[in-house]
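For reference, the structure is listed below as structure tokens.
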Amino acid sequence: MVSISIRHLTKKFGGQAVLSDVNLEIEKGELFFLLGPSGCGKTTLLRHIAGFYEPDGGAIFFDDEDVTDLPVHRRGTGMMFQSYALWPHLSVAQNVAFGLEERKRPRAEIDQRVNEVLDLVQLGGMGARRIQQLSGGQQQRVALARALVIRPRCLLLDEPLSNLDAKLRMEMRSEIRRICKEFGLTGIYVTHDRDEALSMADRLAIMDGGRLAQVGSPDEIYKNPASRMVAEFIGEANFIEGRVIRESSRPGQYDVDCGFATLRSRPNNDEWRPVQGQAVQLAVRPEAMTFGDVRDSPNRFPGRIISTTYLGATVQYVLQVTDEILMKVCEMNPRDIRVPSRRDDVMGMCSVADLVMLRK
């Protein structure tokens with residue numbers, strides 16, 4: 001288990017910056033996620049930590065050890081690739097044992113450690129099987145076992161669940177988290193799947209254009225996105241243009257003129273003090289909207305339901321507030337499903353805590 005410190009890391013490919021002055025601290029035993037759209041730099045950053053790439057500038061530390069120039073095999077990291085990278089001509093046990101054999105460990109130790117790690121990933125007794133005899137989920141467990149058997153200082157995972165079906169992905173999320181915590185591993189996990197990140201991470205970083213857009217716990221980032229990009233990437237959101245009128249009677253809350261209504265919201269950052277007349281953007285999650293009464297909130301406005309989507313546990317509505325403004329509303333397990341109407345208005349509402357103010 002190690003802490004990882006990334007300091008002023010930069011990298012260019014063909015003259016184009018892929019990582020731009022990245023600074024990041026990952027704690028010992030933390031399961032840390034790198035999340036972002038394709039091409040944002042998350043896999044490039046992971047490969048620098050693993051040692052596959054040399055940075056153009058900056059440094060990487062494992063605890064107090066500078067590993068920037070250390071080759072891959074001396075960093076003590078275990079890596080899981082998106083493709084699993086298993087050898088089909090070798091058995092399960094032989095695939096898992098490969099790293100130990102490269103390190104020239106005694107045969108008895110190799111056999112013992114392989115059996116232990118296969119039990120850990122729930123593949124005990126399957127060491128003699130060929131890779132082609134395994135399901136996708138079992139192959140994923142073999143790849144995990146191979147990364148763990150060398151007893152790495154940290155575990156690096158590059159979109160390891162992307163090739164699995166939805167049911168297996170759900171199962172393996174909790175399995176990977178359980179194993180990392182049981183091993184006491186520092187884990188760094190790359191994904192573009194926000195559900196994986198929200199359900200598994202201790203903390204996560206949203207990356208955009210080779211930079212860190214925001215770092216924090218899943219609930220911090222979901223509830224207090226630093227920008228519209230972060231808010232959109234980590235989940236669905238409604239955005240409303242507005243202009244600050246005044247600080248409200250309650251400290252930390254502001255009245256905002258949105259044209260169709262005056263709404264009250266809170267800044268996404270406790271240190272930000274918006275000024276009168278400042279143009280801002282308000283963000284609210286669809287599940288934070290309701291057609292029911294919200295006590296102690298002035299945030300209510302009429303609109304017409306123009307679309308209804310039934311999803312079993314939830315029903316999603318599109319609410320037309322003005323000719324230009326549409327808002328999504330999500331109700332959990334409603335007793336009655338509302339239908340689109342050309343004439344009847346409904347009242348949309350949300351609490352002040354759920355309406356977040358973003359800088360434009």
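Identifiers in the structure tokens: chain A, B, ... in order shown; residue index from 1 per chain; ligand index from 1 in order shown.
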
Spatial neighbours of A:Tyr310, 12 Å, only C-alpha atoms, chain gap at least 3 places, as number ranges by chain: A: 307, 313-318, 330-334, 336-339

Deliver the residues from the most recent selection as a file, using C-alpha atoms, as a PDB file, in the first residue's frame.
ATOM      1  CA  SER A 307     -43.331  13.895 -22.785  1.00  0.00           C
ATOM      2  CA  ALA A 313     -38.760   2.193 -11.025  1.00  0.00           C
ATOM      3  CA  THR A 314     -38.865   5.744 -12.347  1.00  0.00           C
ATOM      4  CA  VAL A 315     -40.897   7.899 -14.693  1.00  0.00           C
ATOM      5  CA  GLN A 316     -39.160  10.672 -16.607  1.00  0.00           C
ATOM      6  CA  TYR A 317     -41.076  13.746 -17.724  1.00  0.00           C
ATOM      7  CA  VAL A 318     -40.156  16.649 -19.965  1.00  0.00           C
ATOM      8  CA  CYS A 330     -37.768  12.238 -12.595  1.00  0.00           C
ATOM      9  CA  GLU A 331     -40.234  10.637 -10.156  1.00  0.00           C
ATOM     10  CA  MET A 332     -39.430   7.460  -8.241  1.00  0.00           C
ATOM     11  CA  ASN A 333     -42.162   4.811  -8.302  1.00  0.00           C
ATOM     12  CA  PRO A 334     -45.085   7.257  -8.660  1.00  0.00           C
ATOM     13  CA  ASP A 336     -50.034   7.671 -10.917  1.00  0.00           C
ATOM     14  CA  ILE A 337     -48.270   8.365 -14.196  1.00  0.00           C
ATOM     15  CA  ARG A 338     -48.899  11.834 -15.569  1.00  0.00           C
ATOM     16  CA  VAL A 339     -49.702  12.153 -19.270  1.00  0.00           C
TER      17      VAL A 339
END

Test item: residues at most 9 Å from A:Thr290, only C-alpha atoms, excluding those fewer than 3 positions along its chain, as an NGL selection string: :A and (286-287 or 293-294 or 329-331 or 347-350)

Stretch 181-227 of chain A: residues DSSP assigns to alpha helix (DSSP H), reported as a PyMOL selection string: chain A and resi 181-183+194-200+218-223

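Among the candidate residues A:Ala201, A:Asp165, A:Gly36, A:Leu157, the one lying nearest to A:Val230 is A:Gly36, with distances computed using only C-alpha atoms.
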
Best match for closeness to A:Gln139 among A:Ser83, A:Ser297, A:Gln94, A:Gln112, counting only C-alpha atoms: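 Nearest to A:Gln139: A:Ser83.
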
Among the residues A:Asp202, A:Asp56, A:Asp64, A:Asp111, the one that comes closest to A:Thr10 [using only C-alpha atoms]: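 Looking at the shortest contact to A:Thr10, the residue is A:Asp56.
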
Atom CA of A:Leu263 to atom CA of A:Pro298, distance in Å rounded to a single decimal: 6.7 Å

DSSP strand (DSSP E) residues within stretch 69-279 of chain A, as number ranges by chain: A: 77-80, 154-158, 186-191, 203-208, 211-216, 238-247, 254-257, 262-267, 279

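Residues lying within 6 Å of stretch 14-30 of chain A, counting only C-alpha atoms and ignoring same-chain neighbours fewer than 6 positions away, are Met1, Val2, Ser3, Ile4, Ser5, Ile6, Arg7, His8, Gly41, Gly184, Leu185, Thr186, Gly210 and Arg211 of chain A.
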
Would you put the residues from that selection into a file with N, CA and C atoms, as a compact mmCIF listing (two decimals), in the first residue's frame?
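Just written: selection10.txt:
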# COMPACT_ATOMS: atom_id res chain seq x y z
N MET A 1 0.85 -1.19 0.00
CA MET A 1 0.00 0.00 0.00
C MET A 1 0.88 1.24 0.00
N VAL A 2 0.64 2.14 -0.95
CA VAL A 2 1.44 3.36 -1.05
C VAL A 2 0.52 4.55 -1.29
N SER A 3 1.01 5.72 -0.93
CA SER A 3 0.39 6.96 -1.40
C SER A 3 1.06 7.33 -2.71
N ILE A 4 0.34 8.02 -3.57
CA ILE A 4 0.87 8.39 -4.88
C ILE A 4 0.74 9.89 -5.03
N SER A 5 1.83 10.52 -5.40
CA SER A 5 1.86 11.97 -5.58
C SER A 5 2.28 12.28 -7.01
N ILE A 6 1.43 13.00 -7.72
CA ILE A 6 1.71 13.41 -9.10
C ILE A 6 1.90 14.91 -9.10
N ARG A 7 3.07 15.35 -9.56
CA ARG A 7 3.43 16.77 -9.42
C ARG A 7 3.77 17.38 -10.78
N HIS A 8 2.95 18.32 -11.19
CA HIS A 8 3.19 19.12 -12.40
C HIS A 8 3.47 18.24 -13.63
N GLY A 41 -7.35 12.27 -21.35
CA GLY A 41 -6.02 12.07 -20.75
C GLY A 41 -6.00 11.08 -19.61
N GLY A 184 -5.87 -4.25 1.17
CA GLY A 184 -5.31 -2.98 1.60
C GLY A 184 -4.59 -2.26 0.48
N LEU A 185 -5.09 -2.42 -0.75
CA LEU A 185 -4.41 -1.87 -1.92
C LEU A 185 -4.81 -0.43 -2.18
N THR A 186 -3.84 0.35 -2.65
CA THR A 186 -4.15 1.61 -3.30
C THR A 186 -4.55 1.28 -4.73
N GLY A 210 -6.94 17.07 -20.71
CA GLY A 210 -5.63 16.90 -20.10
C GLY A 210 -5.46 17.57 -18.76
N ARG A 211 -6.54 18.13 -18.21
CA ARG A 211 -6.48 18.80 -16.91
C ARG A 211 -7.49 18.18 -15.95

Pairwise distance for atom CA of A:Arg228 and atom CA of A:Ile240, rounded to one decimal in Å: 11.0 Å

Distance query A:Gly137 at most 9 Å, only C-alpha atoms, self and fewer than 6 positions along chain excluded, as a list in words: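 My list of contacting residues is Leu161, Leu164, Asp165, Leu168, Arg169 and Met172 of chain A.
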
For the residues selected in the previous step, produce a file with C-alpha atoms as a PDB file, in the first residue's frame.
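Once written, selection-v7.pdb looks like this:
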ATOM      1  CA  LEU A 161     -15.452  -3.994 -16.951  1.00  0.00           C
ATOM      2  CA  LEU A 164     -18.880  -7.387 -19.673  1.00  0.00           C
ATOM      3  CA  ASP A 165     -22.659  -7.366 -19.874  1.00  0.00           C
ATOM      4  CA  LEU A 168     -21.682  -8.969 -14.691  1.00  0.00           C
ATOM      5  CA  ARG A 169     -20.540  -5.365 -14.431  1.00  0.00           C
ATOM      6  CA  MET A 172     -17.744  -7.185 -10.451  1.00  0.00           C
TER       7      MET A 172
END

Proximity to A:Val352 - best of A:Gly39, A:Gly252, A:Gly235, A:Gly312, only C-alpha atoms: A:Gly252

Shortest interatomic distance to A:Ile234 - which of A:Thr43, A:Gln214, A:Gln320, A:Gln140, counting only C-alpha atoms: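 Of all the options, A:Gln214 lies closest to A:Ile234.
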
Quick one: residues within 9 Å of stretch 66-81 of chain A, only C-alpha atoms, excluding same-chain residues fewer than 5 positions away - as a short mmCIF file (atom, residue, chain, number, x, y, z; two decimals) with N, CA and C atoms, in the first residue's frame?
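Dumped to part-v1.cif:
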data_model
loop_
_atom_site.label_atom_id
_atom_site.label_comp_id
_atom_site.auth_asym_id
_atom_site.auth_seq_id
_atom_site.Cartn_x
_atom_site.Cartn_y
_atom_site.Cartn_z
N HIS A 48 1.32 6.62 -17.26
CA HIS A 48 2.49 7.27 -16.65
C HIS A 48 2.74 6.71 -15.25
N ILE A 49 1.67 6.51 -14.49
CA ILE A 49 1.83 5.95 -13.14
C ILE A 49 2.41 4.54 -13.22
N ALA A 50 1.96 3.76 -14.22
CA ALA A 50 2.46 2.39 -14.40
C ALA A 50 3.90 2.36 -14.89
N GLY A 51 4.32 3.41 -15.59
CA GLY A 51 5.68 3.45 -16.12
C GLY A 51 5.79 3.16 -17.59
N PHE A 52 4.66 3.07 -18.30
CA PHE A 52 4.70 2.80 -19.74
C PHE A 52 5.08 4.03 -20.55
N GLU A 54 7.02 8.03 -20.46
CA GLU A 54 7.89 8.98 -19.76
C GLU A 54 7.30 10.37 -19.93
N PRO A 55 7.16 11.12 -18.84
CA PRO A 55 6.58 12.47 -18.96
C PRO A 55 7.56 13.45 -19.59
N GLY A 58 7.57 17.16 -14.92
CA GLY A 58 6.91 16.75 -13.69
C GLY A 58 7.49 15.48 -13.11
N ALA A 59 6.85 15.00 -12.04
CA ALA A 59 7.38 13.84 -11.32
C ALA A 59 6.25 13.03 -10.72
N ILE A 60 6.54 11.73 -10.46
CA ILE A 60 5.60 10.82 -9.81
C ILE A 60 6.30 10.20 -8.62
N PHE A 61 5.65 10.24 -7.45
CA PHE A 61 6.22 9.67 -6.24
C PHE A 61 5.30 8.58 -5.70
N GLN A 140 -12.27 -12.12 -16.60
CA GLN A 140 -11.96 -10.88 -15.91
C GLN A 140 -11.36 -11.16 -14.53
N ALA A 143 -7.71 -12.17 -14.93
CA ALA A 143 -6.87 -10.98 -15.12
C ALA A 143 -6.64 -10.26 -13.79
N LEU A 144 -7.66 -10.21 -12.97
CA LEU A 144 -7.52 -9.59 -11.64
C LEU A 144 -6.57 -10.40 -10.76
N ARG A 146 -4.15 -12.32 -11.73
CA ARG A 146 -2.77 -12.17 -12.23
C ARG A 146 -2.15 -10.86 -11.74
N ALA A 147 -2.98 -9.81 -11.65
CA ALA A 147 -2.47 -8.53 -11.15
C ALA A 147 -2.20 -8.58 -9.65
N LEU A 148 -3.00 -9.37 -8.92
CA LEU A 148 -2.89 -9.40 -7.46
C LEU A 148 -1.81 -10.35 -6.95
N VAL A 149 -1.50 -11.39 -7.71
CA VAL A 149 -0.62 -12.45 -7.21
C VAL A 149 0.79 -11.96 -6.92
N ILE A 150 1.20 -10.88 -7.59
CA ILE A 150 2.55 -10.36 -7.36
C ILE A 150 2.60 -9.49 -6.11
N ARG A 151 1.43 -9.36 -5.44
CA ARG A 151 1.31 -8.52 -4.24
C ARG A 151 1.80 -7.10 -4.52
N PRO A 152 1.09 -6.41 -5.41
CA PRO A 152 1.55 -5.08 -5.84
C PRO A 152 1.37 -4.04 -4.76
N ARG A 153 2.14 -2.97 -4.89
CA ARG A 153 1.98 -1.84 -3.99
C ARG A 153 0.71 -1.05 -4.33
N CYS A 154 0.36 -1.06 -5.62
CA CYS A 154 -0.90 -0.45 -6.02
C CYS A 154 -1.44 -1.20 -7.23
N LEU A 155 -2.75 -1.13 -7.41
CA LEU A 155 -3.44 -1.83 -8.49
C LEU A 155 -3.97 -0.79 -9.46
N LEU A 156 -3.62 -0.94 -10.74
CA LEU A 156 -4.05 -0.01 -11.78
C LEU A 156 -5.02 -0.73 -12.71
N LEU A 157 -6.18 -0.12 -12.94
CA LEU A 157 -7.24 -0.78 -13.72
C LEU A 157 -7.70 0.15 -14.83
N ASP A 158 -7.57 -0.32 -16.07
CA ASP A 158 -7.92 0.48 -17.24
C ASP A 158 -9.21 -0.05 -17.86
N GLU A 159 -10.34 0.54 -17.47
CA GLU A 159 -11.68 0.15 -17.95
C GLU A 159 -11.87 -1.37 -17.95
N PRO A 160 -11.67 -2.03 -16.82
CA PRO A 160 -11.66 -3.50 -16.78
C PRO A 160 -13.03 -4.15 -17.00
#

Pick from A:Val215, A:Leu31, A:Val114, A:Leu134, whichever lies nearest to A:Arg177 using only C-alpha atoms: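 Using only C-alpha atoms, the shortest distance to A:Arg177 belongs to A:Leu31.
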
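If you count only C-alpha atoms and ignore residues fewer than 3 places along the chain from A:Ser217, what sits within 10 Å of it is Phe32, Phe33, Ala197, Leu198, Ala201, Asp202, Arg203, Leu204, Ala205, Gln214, Glu220, Ile221 and Tyr222 of chain A.
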
Please save N, CA and C atoms of the selected residues as a CSV table (one decimal), in the first residue's frame.
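Listing of result.csv after writing:
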chain,number,residue,atom,x,y,z
A,32,PHE,N,-9.3,5.1,-6.1
A,32,PHE,CA,-9.4,6.4,-6.7
A,32,PHE,C,-9.7,6.2,-8.2
A,33,PHE,N,-10.7,7.0,-8.7
A,33,PHE,CA,-11.1,6.9,-10.1
A,33,PHE,C,-10.7,8.1,-10.9
A,197,ALA,N,-18.0,4.8,-11.2
A,197,ALA,CA,-17.3,5.7,-10.4
A,197,ALA,C,-18.0,6.0,-9.1
A,198,LEU,N,-19.3,6.4,-9.3
A,198,LEU,CA,-20.1,6.8,-8.1
A,198,LEU,C,-20.3,5.7,-7.1
A,201,ALA,N,-16.0,4.4,-6.0
A,201,ALA,CA,-14.8,5.2,-5.6
A,201,ALA,C,-14.9,5.8,-4.2
A,202,ASP,N,-13.7,5.9,-3.6
A,202,ASP,CA,-13.5,6.7,-2.4
A,202,ASP,C,-13.5,8.1,-2.8
A,203,ARG,N,-12.7,8.4,-3.8
A,203,ARG,CA,-12.6,9.8,-4.4
A,203,ARG,C,-12.4,9.6,-5.9
A,204,LEU,N,-12.7,10.6,-6.6
A,204,LEU,CA,-12.5,10.6,-8.1
A,204,LEU,C,-12.1,11.9,-8.6
A,205,ALA,N,-11.5,11.9,-9.8
A,205,ALA,CA,-11.1,13.1,-10.5
A,205,ALA,C,-11.8,13.1,-11.9
A,214,GLN,N,-12.1,18.6,-11.6
A,214,GLN,CA,-12.6,18.6,-10.2
A,214,GLN,C,-12.1,17.3,-9.6
A,220,GLU,N,-19.7,14.7,-3.2
A,220,GLU,CA,-19.2,16.1,-3.3
A,220,GLU,C,-19.3,16.6,-4.8
A,221,ILE,N,-18.9,15.8,-5.7
A,221,ILE,CA,-18.8,16.2,-7.1
A,221,ILE,C,-20.2,16.1,-7.7
A,222,TYR,N,-21.1,15.2,-7.3
A,222,TYR,CA,-22.4,15.1,-7.8
A,222,TYR,C,-23.3,16.3,-7.3

Separation of atom CA of A:Glu171 from atom CA of A:Ala145, in Å and rounded to one decimal: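 Here the two named atoms are 16.2 Å from each other.
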
Exercise: A:Gln253 partners within 12 Å, only C-alpha atoms, chain neighbours under 6 positions left out, as a PyMOL selection string: chain A and resi 244-247+263-270+272-275+297-298+351-357
